[in-house]
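> Sending over protein-v4.csv (CSV, C-alpha atoms and all ligand atoms).
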chain,number,residue,atom,x,y,z
V,696,MET,CA,-1.8,0.7,14.3
V,697,LYS,CA,-2.2,-0.3,10.7
V,698,THR,CA,0.1,-2.8,8.9
V,699,TRP,CA,1.1,-1.9,5.3
V,700,LEU,CA,2.9,-4.1,2.8
V,701,ILE,CA,5.1,-2.1,0.5
V,702,THR,CA,6.6,-4.0,-2.5
V,703,GLY,CA,9.7,-2.3,-4.0
V,704,GLY,CA,10.0,-0.4,-0.7
V,705,CYS,CA,13.8,-0.3,-0.9
V,706,GLY,CA,13.6,1.7,-4.2
V,707,PHE,CA,13.5,5.4,-4.7
V,708,ILE,CA,9.8,6.1,-4.3
V,709,GLY,CA,9.0,3.1,-2.0
V,710,SER,CA,11.6,4.2,0.6
V,711,HIS,CA,10.1,7.7,0.9
V,712,LEU,CA,6.7,6.0,1.4
V,713,ALA,CA,8.2,3.8,4.1
V,714,ASP,CA,9.6,6.9,5.8
V,715,ARG,CA,6.1,8.5,5.8
V,716,LEU,CA,4.3,5.4,7.2
V,717,VAL,CA,6.9,4.7,9.9
V,718,ARG,CA,6.7,8.4,10.9
V,719,ALA,CA,2.9,7.9,11.3
V,720,LYS,CA,3.7,5.1,13.7
V,721,ASP,CA,2.2,2.4,11.4
V,722,ARG,CA,3.9,-0.9,10.7
V,723,ALA,CA,5.6,-1.1,7.3
V,724,ILE,CA,6.6,-4.5,5.9
V,725,VAL,CA,8.9,-4.1,2.9
V,726,LEU,CA,9.2,-6.8,0.2
V,727,ASP,CA,12.1,-6.2,-2.2
V,728,ASP,CA,14.5,-8.3,-4.1
V,729,LEU,CA,17.2,-5.6,-4.0
V,730,SER,CA,17.6,-5.8,-7.8
V,731,SER,CA,17.8,-2.0,-8.0
V,732,GLY,CA,16.8,-0.9,-4.4
V,733,ARG,CA,19.0,-0.7,-1.3
V,734,ALA,CA,18.1,-2.0,2.1
V,735,ASP,CA,19.9,1.1,3.7
V,736,ASN,CA,17.3,3.3,2.0
V,737,LEU,CA,14.9,2.1,4.7
V,738,PRO,CA,14.2,4.0,7.9
V,739,PRO,CA,14.8,2.2,11.2
V,740,GLY,CA,11.5,0.6,12.2
V,741,ALA,CA,10.6,-0.7,8.7
V,742,GLU,CA,10.6,-4.5,8.5
V,743,PHE,CA,12.5,-5.8,5.5
V,744,VAL,CA,11.8,-9.1,3.8
V,745,LYS,CA,14.1,-10.0,0.9
V,746,GLY,CA,12.2,-11.7,-1.8
V,747,ASP,CA,10.5,-11.6,-5.1
V,748,ILE,CA,6.9,-10.5,-5.9
V,749,ARG,CA,6.6,-13.5,-8.1
V,750,ASP,CA,7.0,-15.8,-5.1
V,751,ALA,CA,3.3,-16.6,-4.5
V,752,ALA,CA,3.7,-18.3,-1.1
V,753,LEU,CA,5.8,-15.5,0.3
V,754,VAL,CA,3.5,-12.8,-1.0
V,755,GLY,CA,0.5,-14.7,0.3
V,756,ARG,CA,2.0,-14.9,3.8
V,757,LEU,CA,2.8,-11.2,3.9
V,758,MET,CA,-0.5,-10.2,2.5
V,759,ARG,CA,-2.3,-12.0,5.3
V,760,GLU,CA,-0.7,-9.6,7.8
V,761,ALA,CA,-1.5,-6.5,5.8
V,762,ASP,CA,-4.4,-4.0,6.0
V,763,GLY,CA,-3.4,-2.7,2.6
V,764,CYS,CA,-0.7,-3.1,0.0
V,765,PHE,CA,1.3,-0.5,-1.8
V,766,HIS,CA,2.7,-2.2,-4.9
V,767,LEU,CA,5.7,-0.3,-6.3
V,768,ALA,CA,8.1,-3.2,-7.2
V,769,ALA,CA,8.9,-3.2,-10.9
V,770,ILE,CA,11.8,-3.1,-13.3
V,771,ALA,CA,11.3,0.6,-13.7
V,772,SER,CA,13.1,1.1,-17.0
V,773,VAL,CA,11.7,1.7,-20.5
V,774,ALA,CA,15.1,0.8,-22.1
V,775,ARG,CA,15.4,-2.5,-20.2
V,776,SER,CA,11.8,-3.5,-21.0
V,777,ASN,CA,12.6,-3.2,-24.7
V,778,GLU,CA,15.9,-5.2,-24.3
V,779,ASP,CA,14.4,-7.9,-22.1
V,780,TRP,CA,10.8,-8.0,-23.1
V,781,ALA,CA,9.7,-11.3,-21.6
V,782,GLY,CA,11.9,-10.9,-18.5
V,783,THR,CA,10.5,-7.5,-17.5
V,784,HIS,CA,7.0,-8.6,-18.4
V,785,ALA,CA,7.3,-11.4,-15.9
V,786,VAL,CA,8.0,-8.9,-13.1
V,787,ASN,CA,6.0,-5.8,-14.3
V,788,LEU,CA,2.7,-7.5,-15.2
V,789,THR,CA,2.8,-11.2,-14.0
V,790,GLY,CA,4.3,-10.0,-10.7
V,791,THR,CA,1.4,-7.5,-10.3
V,792,ILE,CA,-1.2,-10.2,-11.0
V,793,ASN,CA,0.5,-12.2,-8.3
V,794,ILE,CA,-0.1,-9.3,-5.9
V,795,PHE,CA,-3.8,-8.9,-6.8
V,796,ASP,CA,-4.2,-12.7,-6.6
V,797,ALA,CA,-2.7,-12.7,-3.1
V,798,ALA,CA,-4.9,-9.8,-2.0
V,799,ALA,CA,-7.9,-11.8,-3.2
V,800,ARG,CA,-7.0,-14.9,-1.3
V,801,ALA,CA,-5.6,-13.3,1.9
V,802,ARG,CA,-8.9,-13.2,3.8
V,803,PRO,CA,-11.5,-15.5,2.1
V,804,ASP,CA,-14.4,-14.4,4.3
V,805,ALA,CA,-13.6,-10.8,5.1
V,806,ARG,CA,-12.9,-7.5,3.3
V,807,LYS,CA,-10.3,-7.9,0.7
V,808,VAL,CA,-6.9,-6.3,1.0
V,809,ARG,CA,-6.8,-2.9,-0.7
V,810,VAL,CA,-4.1,-2.4,-3.3
V,811,VAL,CA,-2.6,0.9,-4.5
V,812,TYR,CA,-0.2,0.3,-7.3
V,813,ALA,CA,2.2,2.2,-9.5
V,814,SER,CA,1.2,2.7,-13.1
V,815,SER,CA,2.9,5.3,-15.4
V,816,ALA,CA,2.3,8.1,-17.8
V,817,ALA,CA,4.0,5.7,-20.3
V,818,VAL,CA,0.5,4.2,-20.8
V,819,TYR,CA,-0.4,7.3,-23.0
V,820,GLY,CA,2.4,6.8,-25.5
V,821,ASP,CA,2.8,9.8,-27.7
V,822,CYS,CA,-0.8,11.1,-27.3
V,823,PRO,CA,-0.9,14.6,-28.8
V,824,ASP,CA,-3.8,16.0,-26.6
V,825,MET,CA,-2.0,18.0,-23.9
V,826,PRO,CA,-2.5,18.1,-21.0
V,827,LEU,CA,-3.2,14.4,-20.7
V,828,VAL,CA,-6.5,13.6,-18.9
V,829,GLU,CA,-7.1,10.1,-17.6
V,830,ALA,CA,-9.7,9.5,-20.3
V,831,ALA,CA,-7.2,10.1,-23.1
V,832,PRO,CA,-6.5,7.2,-25.4
V,833,THR,CA,-3.9,4.8,-24.0
V,834,LYS,CA,-1.5,3.7,-26.8
V,835,PRO,CA,1.8,2.7,-25.1
V,836,LEU,CA,4.9,2.7,-27.3
V,837,THR,CA,7.1,0.5,-25.1
V,838,ALA,CA,6.9,-2.9,-23.4
V,839,TYR,CA,7.1,-1.0,-20.1
V,840,GLY,CA,4.1,1.1,-20.9
V,841,ALA,CA,2.2,-1.9,-22.3
V,842,ASP,CA,2.8,-3.8,-19.0
V,843,LYS,CA,1.7,-0.8,-16.9
V,844,LEU,CA,-1.5,-0.6,-19.0
V,845,GLY,CA,-1.9,-4.4,-18.4
V,846,CYS,CA,-1.7,-3.7,-14.7
V,847,GLU,CA,-4.6,-1.3,-15.0
V,848,LEU,CA,-6.7,-3.8,-17.0
V,849,HIS,CA,-6.0,-6.6,-14.4
V,850,GLY,CA,-6.9,-4.0,-11.7
V,851,ARG,CA,-10.4,-4.2,-13.2
V,852,VAL,CA,-10.4,-8.0,-13.1
V,853,ALA,CA,-9.2,-7.8,-9.5
V,854,ASP,CA,-12.2,-5.6,-8.6
V,855,TYR,CA,-14.9,-7.0,-10.8
V,856,VAL,CA,-14.1,-10.7,-10.5
V,857,HIS,CA,-12.3,-11.0,-7.2
V,858,GLY,CA,-13.6,-8.0,-5.2
V,859,VAL,CA,-10.2,-6.5,-4.6
V,860,PRO,CA,-10.4,-2.7,-4.3
V,861,ASN,CA,-7.6,-1.0,-6.1
V,862,VAL,CA,-6.3,2.3,-7.4
V,863,GLY,CA,-3.6,2.7,-10.0
V,864,LEU,CA,-1.5,5.9,-10.0
V,865,ARG,CA,0.0,7.1,-13.3
V,866,PHE,CA,3.2,8.7,-12.1
V,867,PHE,CA,4.7,11.3,-14.5
V,868,ASN,CA,8.5,12.1,-14.1
V,869,VAL,CA,9.3,11.6,-10.5
V,870,TYR,CA,12.5,13.0,-9.0
V,871,GLY,CA,14.0,13.7,-5.6
V,872,PRO,CA,16.6,12.4,-3.1
V,873,ARG,CA,17.7,8.7,-3.4
V,874,GLN,CA,17.0,8.5,-7.2
V,875,ASP,CA,20.1,6.7,-8.4
V,876,PRO,CA,22.1,9.2,-10.5
V,877,ALA,CA,24.6,6.5,-11.5
V,878,SER,CA,22.0,4.4,-13.3
V,879,PRO,CA,21.6,5.1,-17.1
V,880,TYR,CA,17.9,4.4,-16.5
V,881,SER,CA,17.6,7.1,-13.9
V,882,GLY,CA,15.5,10.3,-14.3
V,883,VAL,CA,17.0,13.2,-16.1
V,884,ILE,CA,17.1,15.5,-13.1
V,885,ALA,CA,19.4,13.0,-11.2
V,886,ILE,CA,21.6,12.5,-14.2
V,887,PHE,CA,22.0,16.3,-15.0
V,888,ALA,CA,22.5,17.2,-11.3
V,889,LYS,CA,25.3,14.6,-11.0
V,890,ALA,CA,27.0,16.1,-14.1
V,891,VAL,CA,26.7,19.7,-12.9
V,892,LEU,CA,28.0,18.8,-9.4
V,893,GLU,CA,31.0,17.0,-11.0
V,894,GLY,CA,31.8,20.1,-13.1
V,895,ARG,CA,30.7,18.5,-16.3
V,896,THR,CA,28.3,20.0,-18.9
V,897,PRO,CA,24.9,18.3,-18.9
V,898,ARG,CA,24.2,16.5,-22.2
V,899,VAL,CA,20.8,17.0,-23.6
V,900,LEU,CA,19.6,14.3,-26.1
V,901,GLY,CA,17.8,15.8,-29.0
V,902,ASP,CA,17.0,19.5,-29.3
V,903,GLY,CA,16.0,19.9,-25.6
V,904,LYS,CA,12.6,21.2,-26.4
V,905,GLN,CA,10.9,18.0,-25.1
V,906,ILE,CA,8.4,18.8,-22.4
V,907,ARG,CA,8.0,16.9,-19.2
V,908,ASP,CA,5.9,17.1,-16.0
V,909,PHE,CA,8.3,16.7,-13.1
V,910,ILE,CA,6.8,15.8,-9.8
V,911,PHE,CA,8.7,15.8,-6.5
V,912,VAL,CA,8.7,12.5,-4.7
V,913,ASP,CA,7.0,13.9,-1.5
V,914,ASN,CA,4.0,14.8,-3.6
V,915,VAL,CA,3.9,11.2,-5.0
V,916,VAL,CA,3.9,9.9,-1.5
V,917,ASP,CA,1.0,12.2,-0.7
V,918,ALA,CA,-0.9,10.6,-3.6
V,919,LEU,CA,-0.1,7.0,-2.5
V,920,VAL,CA,-1.3,7.7,1.0
V,921,ALA,CA,-4.5,9.5,-0.2
V,922,ALA,CA,-5.3,6.7,-2.6
V,923,MET,CA,-5.1,4.1,0.2
V,924,ARG,CA,-7.2,6.3,2.5
V,925,HIS,CA,-10.0,7.0,0.1
V,926,ASP,CA,-11.6,3.6,0.3
V,927,GLU,CA,-14.8,4.8,-1.5
V,928,LEU,CA,-12.7,4.5,-4.7
V,929,ARG,CA,-12.8,0.8,-5.6
V,930,CYS,CA,-11.3,0.6,-9.1
V,931,ASP,CA,-9.8,3.7,-10.6
V,932,VAL,CA,-6.7,5.3,-12.1
V,933,PHE,CA,-5.3,8.8,-11.5
V,934,ASN,CA,-2.6,11.0,-13.0
V,935,VAL,CA,0.0,11.9,-10.5
V,936,CYS,CA,1.5,15.0,-12.0
V,937,THR,CA,1.7,18.8,-11.4
V,938,GLY,CA,0.2,20.2,-14.6
V,939,ARG,CA,3.3,22.4,-15.0
V,940,SER,CA,5.6,21.8,-18.0
V,941,THR,CA,9.4,22.1,-18.0
V,942,SER,CA,11.5,21.6,-21.1
V,943,ILE,CA,14.6,19.5,-20.8
V,944,GLU,CA,16.7,22.4,-21.9
V,945,ALA,CA,15.2,24.8,-19.3
V,946,LEU,CA,15.8,22.1,-16.7
V,947,ALA,CA,19.5,21.9,-17.6
V,948,ARG,CA,19.8,25.7,-17.3
V,949,LEU,CA,17.9,25.8,-14.0
V,950,LEU,CA,20.2,23.1,-12.5
V,951,ALA,CA,23.4,24.9,-13.6
V,952,GLU,CA,22.0,28.1,-12.1
V,953,ALA,CA,21.2,26.4,-8.8
V,954,CYS,CA,24.8,25.1,-8.7
V,955,GLY,CA,26.4,28.4,-9.7
V,956,ALA,CA,27.8,26.7,-12.8
V,957,PRO,CA,27.9,28.2,-16.3
V,958,PRO,CA,24.6,27.7,-18.2
V,959,LYS,CA,26.3,25.5,-20.8
V,960,ILE,CA,24.6,22.5,-22.5
V,961,ASP,CA,25.9,19.8,-24.8
V,962,TYR,CA,23.6,18.3,-27.3
V,963,GLY,CA,23.6,14.7,-28.4
V,964,PRO,CA,21.6,12.6,-30.8
V,965,ALA,CA,17.9,12.2,-29.9
V,966,ARG,CA,16.9,8.8,-28.3
V,967,SER,CA,14.8,6.7,-30.6
V,968,GLY,CA,11.2,6.6,-29.4
V,969,ASP,CA,11.6,9.6,-27.1
V,970,ILE,CA,8.2,11.1,-26.4
V,971,ARG,CA,8.0,14.8,-27.4
V,972,GLU,CA,5.6,16.1,-24.9
V,973,SER,CA,4.3,14.6,-21.6
V,974,LEU,CA,2.2,16.9,-19.5
V,975,GLY,CA,-0.5,15.6,-17.2
V,976,ASP,CA,-3.8,17.1,-16.0
V,977,PRO,CA,-3.9,16.9,-12.2
V,978,THR,CA,-7.6,17.9,-11.9
V,979,ARG,CA,-8.8,14.5,-10.6
V,980,LEU,CA,-5.8,14.1,-8.4
V,981,ARG,CA,-7.0,17.3,-6.6
V,982,SER,CA,-10.8,16.7,-6.7
V,983,ALA,CA,-11.0,13.0,-5.9
V,984,LEU,CA,-7.9,12.4,-3.8
V,985,GLY,CA,-7.4,15.9,-2.4
V,986,VAL,CA,-3.7,16.1,-3.4
V,987,THR,CA,-2.0,19.2,-4.8
V,988,ALA,CA,1.5,18.6,-6.1
V,989,GLY,CA,2.7,21.9,-4.8
V,990,VAL,CA,6.5,21.5,-4.7
V,991,THR,CA,8.0,23.5,-7.6
V,992,VAL,CA,10.8,22.2,-9.7
V,993,ALA,CA,13.1,24.9,-8.3
V,994,ASP,CA,12.4,23.9,-4.7
V,995,GLY,CA,12.4,20.2,-5.4
V,996,MET,CA,15.7,20.5,-7.3
V,997,ARG,CA,17.2,22.4,-4.4
V,998,ARG,CA,16.3,19.6,-2.0
V,999,THR,CA,17.6,17.0,-4.4
V,1000,LEU,CA,20.9,18.8,-4.8
V,1001,GLU,CA,21.2,19.1,-1.1
V,1002,TRP,CA,20.9,15.4,-0.8
V,1003,MET,CA,23.4,14.8,-3.6
V,1004,ARG,CA,25.9,17.0,-1.9
V,1005,GLY,CA,25.6,14.8,1.1
V,1006,GLY,CA,23.8,17.5,3.2
V,1007,ALA,CA,20.8,16.8,5.4
V,1008,PRO,CA,18.6,14.2,3.7
V,1009,ALA,CA,15.4,15.8,2.4
V,1010,LYS,CA,12.9,13.6,4.2
V,1011,ALA,CA,9.5,12.8,2.7
T,1,LIG,N1,10.5,7.1,-11.0
T,1,LIG,C1,9.6,7.5,-11.9
T,1,LIG,O1,9.7,8.5,-12.5
T,1,LIG,C2,8.4,6.6,-12.2
T,1,LIG,C3,7.5,7.0,-13.2
T,1,LIG,C4,6.4,6.2,-13.5
T,1,LIG,C5,6.2,5.0,-12.8
T,1,LIG,N2,7.1,4.6,-11.8
T,1,LIG,C6,6.8,3.3,-11.1
T,1,LIG,O2,6.9,3.5,-9.7
T,1,LIG,C7,7.4,2.4,-9.1
T,1,LIG,C8,8.6,2.7,-8.2
T,1,LIG,O3,9.6,3.3,-9.1
T,1,LIG,P1,11.1,3.8,-8.6
T,1,LIG,O4,11.4,4.9,-9.4
T,1,LIG,O5,11.0,3.9,-7.1
T,1,LIG,O6,12.0,2.6,-9.0
T,1,LIG,P2,13.1,1.8,-8.2
T,1,LIG,O7,13.8,0.9,-9.2
T,1,LIG,O8,13.9,2.7,-7.4
T,1,LIG,O9,12.2,0.8,-7.2
T,1,LIG,C9,11.7,-0.4,-7.6
T,1,LIG,C10,12.0,-1.4,-6.5
T,1,LIG,O10,11.4,-2.6,-6.9
T,1,LIG,C11,12.4,-3.7,-6.5
T,1,LIG,N3,12.1,-4.8,-7.4
T,1,LIG,C12,12.2,-5.0,-8.7
T,1,LIG,N4,11.9,-6.2,-9.1
T,1,LIG,C13,11.4,-6.8,-8.0
T,1,LIG,C14,10.9,-8.1,-7.8
T,1,LIG,N5,10.7,-9.0,-8.8
T,1,LIG,N6,10.5,-8.5,-6.5
T,1,LIG,C15,10.7,-7.6,-5.5
T,1,LIG,N7,11.2,-6.4,-5.6
T,1,LIG,C16,11.5,-6.0,-6.9
T,1,LIG,C17,13.7,-3.1,-6.8
T,1,LIG,O11,14.8,-3.7,-6.1
T,1,LIG,C18,13.5,-1.6,-6.3
T,1,LIG,O12,13.8,-1.5,-4.9
T,1,LIG,C19,7.7,1.4,-10.2
T,1,LIG,O13,6.6,0.5,-10.3
T,1,LIG,C20,7.8,2.2,-11.4
T,1,LIG,O14,7.6,1.5,-12.6
T,1,LIG,C21,8.2,5.4,-11.5
Turn this file's structure into structure tokens for me.

Amino acid sequence: MKTWLITGGCGFIGSHLADRLVRAKDRAIVLDDLSSGRADNLPPGAEFVKGDIRDAALVGRLMREADGCFHLAAIASVARSNEDWAGTHAVNLTGTINIFDAAARARPDARKVRVVYASSAAVYGDCPDMPLVEAAPTKPLTAYGADKLGCELHGRVADYVHGVPNVGLRFFNVYGPRQDPASPYSGVIAIFAKAVLEGRTPRVLGDGKQIRDFIFVDNVVDALVAAMRHDELRCDVFNVCTGRSTSIEALARLLAEACGAPPKIDYGPARSGDIRESLGDPTRLRSALGVTAGVTVADGMRRTLEWMRGGAPAKA
């Protein structure tokens, strides 16, 4: 039985990963400060430790028990990162360095603890070369994106200076059950679905022609697990995306259709700094990690709606 440390495991993506690891009969230790996650997201069998990734002593103690660390804890909001620049930086970048540092120190004389961490498509900024390949220029436009790029740079330090093997995963737009539809920072699928289920008309910000690459959370968990398993990869980053584009407008219509609601859309003012197009190239995800993000938006949306209606939880 392997022991995994999951930071941010009470959150949306982390709790699906905890489900998967517990189902595989591994031991999952979850470190989370519950700033946005919920302990009741965790499956029975996961071990929950309430605490902060910036607490070096606590992280050090947990890391010594772990065969590998999935680092997902972050303040996962672009808007908040711009409002509270220094505060989110302390969690999103300094907190990540704390994780790498603990992985370096956990076993002085043995193999270092492998770290798989969440990066983001936000590292690309408004790069015009679609689809985005990992080698595309990284020019983040937000504090959140800059900190995620910082995590990747410190991932290099972790490997080259401290011998900590690590892989960063650039998640595109992740959606699925347990994404909090009440949060203004939440993904657009959760927000639109909540509106449609409550009989309201979804409100598209801007002209609705913005393009996104929506990936279902189960496929993100596939990528996390594969990145941990492929230990020949020592220091690398991968897009975690589908390569299929959906416009925000088309998404709103699809959701209305899936709920049997009229295909009506309200339009509001565009958000400042909203990226026009974000579409990833999943070639390396497939070739190096063996992961195909096969869940379609229609199917993933159906499973998300099922969960929102309080039906059987769509398990990872
Ligand atoms: N959801 C997406 O579309 C998306 C896209 C790109 C990248 N990501 C990244 O994936 C990761 C997981 O995102 P998510 O959507 O599940 O977000 P989430 O907010 O649901 O999960 C983050 C978890 O981290 C915890 N946390 C925050 N600060 C902490 C701290 N200082 N110490 C301990 N725990 C702390 C929160 O309580 C929460 O449970 C994040 O790193 C995020 O930046 C997400």
> Select, from V:Ala761, V:Leu716, V:Ala769, V:Ala956, the residue with the minimum atom-to-atom distance to ligand LIG 1 (chain T), counting only C-alpha atoms and all ligand atoms.
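Once distances to ligand LIG 1 (chain T) are computed over only C-alpha atoms and all ligand atoms, the minimum belongs to V:Ala769.
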> Check the smallest atom-to-atom distance from each of V:Gly746, V:Gly975, V:Gly858, V:Gly740 to Asp908 (chain V) using all atoms listed in the file, then report the winner.
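Among the listed residues, the smallest separation from Asp908 (chain V) belongs to V:Gly975.
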> Write out as a PyMOL selection string each polymer residue (protein, DNA or RNA) that has an atom no more than 6 Å from ligand LIG 1 (chain T), with all atoms listed in the file counted.
chain V and resi 703-709+726-732+746-748+767-771+786+813-815+866-869
> What lies within 10 Å of Asp854 (chain V) using only C-alpha atoms, ignoring chain neighbours under 2 positions off, as a PyMOL selection string?
chain V and resi 795+799+807+809+849-852+856-862+929-931
> Counting all atoms listed in the file, which residue out of V:Tyr819, V:Tyr855, V:Phe911, V:Phe765 sits closest to Ile970 (chain V)?
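Closest to Ile970 (chain V) of all the choices is V:Tyr819.
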> Rank V:Ala965, V:Ile960, V:Val773, V:Ala785 by their smallest atom-to-atom distance to Gly820 (chain V), using all atoms listed in the file, and report the top residue only.
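Smallest distance to Gly820 (chain V) is found for V:Val773.
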> Can you tell me which residues surround Arg718 (chain V) at a distance of at most 12 Å, considering all atoms listed in the file, apart from same-chain residues fewer than 2 positions away, and format the answer as a PyMOL selection string?
chain V and resi 696+711-716+720-723+738-741+1010-1011
> Could you give me, as JSON, numbers by chain, the residues within 9 Å of Arg756 (chain V), counting all atoms listed in the file and dropping anything in the same chain fewer than 5 positions from it?
{"V": [751, 797, 801]}
> I'd like to know which of V:Arg759, V:Lys843, V:Arg948, V:Arg806 is closest to Asp926 (chain V), using all atoms listed in the file.
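Ranking V:Arg759, V:Lys843, V:Arg948, V:Arg806 by distance to Asp926 (chain V), first place goes to V:Arg806.
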> Write out as a list of chain:residue names each polymer residue whose atoms come within 8 Å of Leu757 (chain V), counting only C-alpha atoms; drop sequence neighbours fewer than 3 positions from it.
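So the residues in contact are V:Leu700, V:Ile724, V:Leu753, V:Val754, V:Glu760, V:Ala761.
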